[in-house]
Amino acid sequence: MRSPRLATVELPEFGLPEAMPVLPDRLYRERMARLSDAMARAGYERLLVYADREHSANLAYLTGFDPRFEEALLIVGAAEQPLLLTGNECVGMAAAAPLPMRVELFQDFSLPAQPRDRSRLLPEVLESEGIVAGCNVGVVGWKTYSRPDQHDVPSYLIDAIRDQVGDASLVANATPLLIDADHGLRVGNEVEQLAWFEWAACHTSEGVKRLLRGLEIGMTEQEAVQLLQWNGTPLSCHLMLTAGERATLGLLSPSDRPIQRGDRFTTAFGIWGALNCRAGFVVAGADELPDGISDYVDKLVAPYFAAIVEWYEALHVGQRGGVLHEIVDRHLGDPFFGIFLNPGHQIHLDEWVNSPIAEDSQIRLRSGMAFQADVIPATGTEYFTTNIEDGLALADEDLRTEIARSYPGMWRRIQARRRFMEQGLGIRLHADVLPFSNIPAYLAPFLLRPDLVMTVPG
């Protein structure tokens, strides 16, 4: 058993991509073809994909379009080109989508008090798309449930579809087609999508690195969050940064409170395809920690890092999700650590897609899956928490060869991160593991000493 310890480590500069990778238009046509095959296997004659501002990843994955102020609905199966329904303010924007679609104004998706006098009624639209008596319809929302007749799509849409087909049992939650943790379309990624995720992870991790290096006593939370330098890419979650007692509550936005020595601190920065999070105390060493927790590193951070190291080292294509869960449970199963969420999950445009990592999970991790190394202690004590969330992907030899050929800069950064994790931190990665973060597994528990990080002996 290798015991974690603190050491002074120089974090290399891994660099940034020269430009944002572009997803080729053909990718969306290929995704729609795969969706059609999945529909046929599931027995759906029509598929409706719902989206709103927060839950747009399924629609954006399929079409390249995501609604901004409004909702949208994609109807698949009636014609070669699917029909996209949008409100007043998105109907023009839909022309930017790389997938050829028929676009129709449906003003009930528009904002309150806006005009609603130029669009067809929903039953008429549904009927014209072949959603009629006896039609077997799948509806893609955001989440899956224990019963196929449960939906998170607005009830007026589900009611209208059920009325059209005449039998509620013919309207099923089809979200697993896209997000099932084992075979959902969105949990396996093309090389172009992985390159886009690596680009995103470079930017979020560089932002968190700037924050860790630039954090100062007396700086307000709002001044600190500016160090992240959000570049305008759509967020996968709101910017989170809090210090002091509010940090214990999690998920909050920054205030104008000045950051003080000894504060608890947490931050998370997520854009489409990536998220990085760090948490700890605003101190330079154990002697500055609040009273009673001078053993913070030994009691919380070291066991946590040991779990993370073994989690990383167990990753490979073909690994069972249950093995990763067991590792974290063995290290952090004591109620003190307060681990209750899945220890790691799949990531895409949305920060959490699904997770094959659960107790006794027999799901095998596959090449092309992208993950968030996301294990969150919630002690509920004066020890607060520690956190080290970074993105990565799994790639077999064929996919690694394709990345190296098509994206040589990305491949060089990945190889440099792997060397650092092994030589600088002591984490031995399987060849399948591709770290995307520029602060890979870099855990500094004392935030005013960002060079003093957790390592394991070689």
# chains A, B, ... in the order shown; residues from 1 in each chain; ligands from 1

call {"tool": "select_by_dssp", "arguments": {"residues": "region 37-197 of chain A", "states": "strand (DSSP E or B)", "output": "list in words"}}
result
Arg46, Leu47, Leu48, Val49, Tyr50, Ala51, Ala72, Leu73, Leu74, Ile75, Val76, Leu83, Leu84, Leu85, Thr86, Arg102, Val103, Glu104, Leu105, Val137, Gly138, Val139, Val140, Val171, Ala172 and Asn173 of chain A

call {"tool": "residues_around", "arguments": {"residues": "Ser119 (chain A)", "least_positions_apart": "3", "cutoff": "7 Å", "atoms": "only C-alpha atoms", "output": "list in words"}}
result
Leu105, Phe106, Gln107 and Arg116 of chain A

call {"tool": "closest_residue", "arguments": {"among": "A:Leu6, A:Cys277, A:Gly188, A:Gly134", "to": "Gly166 (chain A)", "atoms": "only C-alpha atoms"}}
result
A:Gly134

call {"tool": "closest_residue", "arguments": {"among": "A:Val9, A:Val317, A:Ile75, A:Val165", "to": "Ala51 (chain A)", "atoms": "only C-alpha atoms"}}
result
A:Ile75

call {"tool": "residues_around", "arguments": {"residues": "Ile293 (chain A)", "least_positions_apart": "2", "cutoff": "12 Å", "atoms": "only C-alpha atoms", "output": "PyMOL selection string"}}
result
chain A and resi 262+281+285-291+295-301+381-385

call {"tool": "atom_distance", "arguments": {"atom1": "CA of Arg413 (chain A)", "atom2": "CA of Phe14 (chain A)"}}
result
5.7 Å

call {"tool": "residues_around", "arguments": {"residues": "Pro303 (chain A)", "least_positions_apart": "4", "cutoff": "10 Å", "atoms": "only C-alpha atoms", "output": "PyMOL selection string"}}
result
chain A and resi 3-4+297-299+307-309+328+331-332+337

call {"tool": "closest_residue", "arguments": {"among": "A:Phe197, A:Ala95, A:Ala78, A:Met101", "to": "Leu23 (chain A)", "atoms": "only C-alpha atoms"}}
result
A:Phe197

call {"tool": "closest_residue", "arguments": {"among": "A:Gly391, A:Gly92, A:Pro457, A:Gly184", "to": "Ala441 (chain A)", "atoms": "only C-alpha atoms"}}
result
A:Gly391

call {"tool": "select_by_dssp", "arguments": {"residues": "region 238-443 of chain A", "states": "helix (DSSP H, G or I)", "output": "ChimeraX atom specification"}}
result
/A:244-249,286-288,296-314,321-332,335-337,397-406,408-424

call {"tool": "closest_residue", "arguments": {"among": "A:Pro343, A:Trp196, A:Gln362, A:Val433", "to": "Val22 (chain A)", "atoms": "only C-alpha atoms"}}
result
A:Trp196

call {"tool": "atom_distance", "arguments": {"atom1": "CA of Ala444 (chain A)", "atom2": "CA of Ile347 (chain A)"}}
result
24.1 Å

call {"tool": "residues_around", "arguments": {"residues": "region 169-176 of chain A", "least_positions_apart": "3", "cutoff": "7 Å", "atoms": "only C-alpha atoms", "output": "PDB file with C-alpha atoms, in the first residue's frame"}}
result
ATOM      1  CA  CYS A 135     -48.399   4.886 -33.445  1.00  0.00           C
ATOM      2  CA  ASN A 136     -45.585   3.717 -31.143  1.00  0.00           C
ATOM      3  CA  VAL A 137     -43.831   6.873 -29.916  1.00  0.00           C
ATOM      4  CA  GLY A 138     -40.630   7.357 -27.945  1.00  0.00           C
ATOM      5  CA  VAL A 139     -40.052  10.600 -26.066  1.00  0.00           C
ATOM      6  CA  VAL A 140     -36.547  11.740 -25.117  1.00  0.00           C
ATOM      7  CA  GLY A 141     -36.406  14.113 -22.194  1.00  0.00           C
ATOM      8  CA  TRP A 142     -33.538  14.449 -19.758  1.00  0.00           C
ATOM      9  CA  LYS A 143     -33.645  11.503 -17.343  1.00  0.00           C
ATOM     10  CA  THR A 144     -34.696   7.883 -17.113  1.00  0.00           C
ATOM     11  CA  PRO A 148     -41.340   3.763 -19.150  1.00  0.00           C
ATOM     12  CA  ASP A 149     -44.523   5.849 -18.777  1.00  0.00           C
ATOM     13  CA  GLN A 150     -42.744   8.384 -16.540  1.00  0.00           C
ATOM     14  CA  HIS A 151     -41.488  11.533 -18.257  1.00  0.00           C
ATOM     15  CA  ARG A 162     -51.126  10.310 -25.728  1.00  0.00           C
ATOM     16  CA  ILE A 179     -27.929   8.247 -22.250  1.00  0.00           C
ATOM     17  CA  ASP A 180     -27.998   4.616 -21.126  1.00  0.00           C
ATOM     18  CA  GLY A 184     -26.583   5.038 -25.051  1.00  0.00           C
TER      19      GLY A 184
END

call {"tool": "residues_around", "arguments": {"residues": "Tyr61 (chain A)", "least_positions_apart": "3", "cutoff": "10 Å", "atoms": "only C-alpha atoms", "output": "VMD selection string"}}
result
chain A and resid 27 to 28 31 to 32 56 to 58 64 to 66 178 185 to 186 193 348 to 349

call {"tool": "residues_around", "arguments": {"residues": "Val187 (chain A)", "least_positions_apart": "6", "cutoff": "7 Å", "atoms": "only C-alpha atoms", "output": "list of chain:residue names"}}
result
A:Ile179, A:Ala181, A:Gln346, A:Met369

call {"tool": "atom_distance", "arguments": {"atom1": "CA of Arg46 (chain A)", "atom2": "CA of His183 (chain A)"}}
result
20.2 Å

call {"tool": "closest_residue", "arguments": {"among": "A:Glu326, A:Asp432, A:Glu10, A:Glu397", "to": "Asp360 (chain A)", "atoms": "only C-alpha atoms"}}
result
A:Glu326
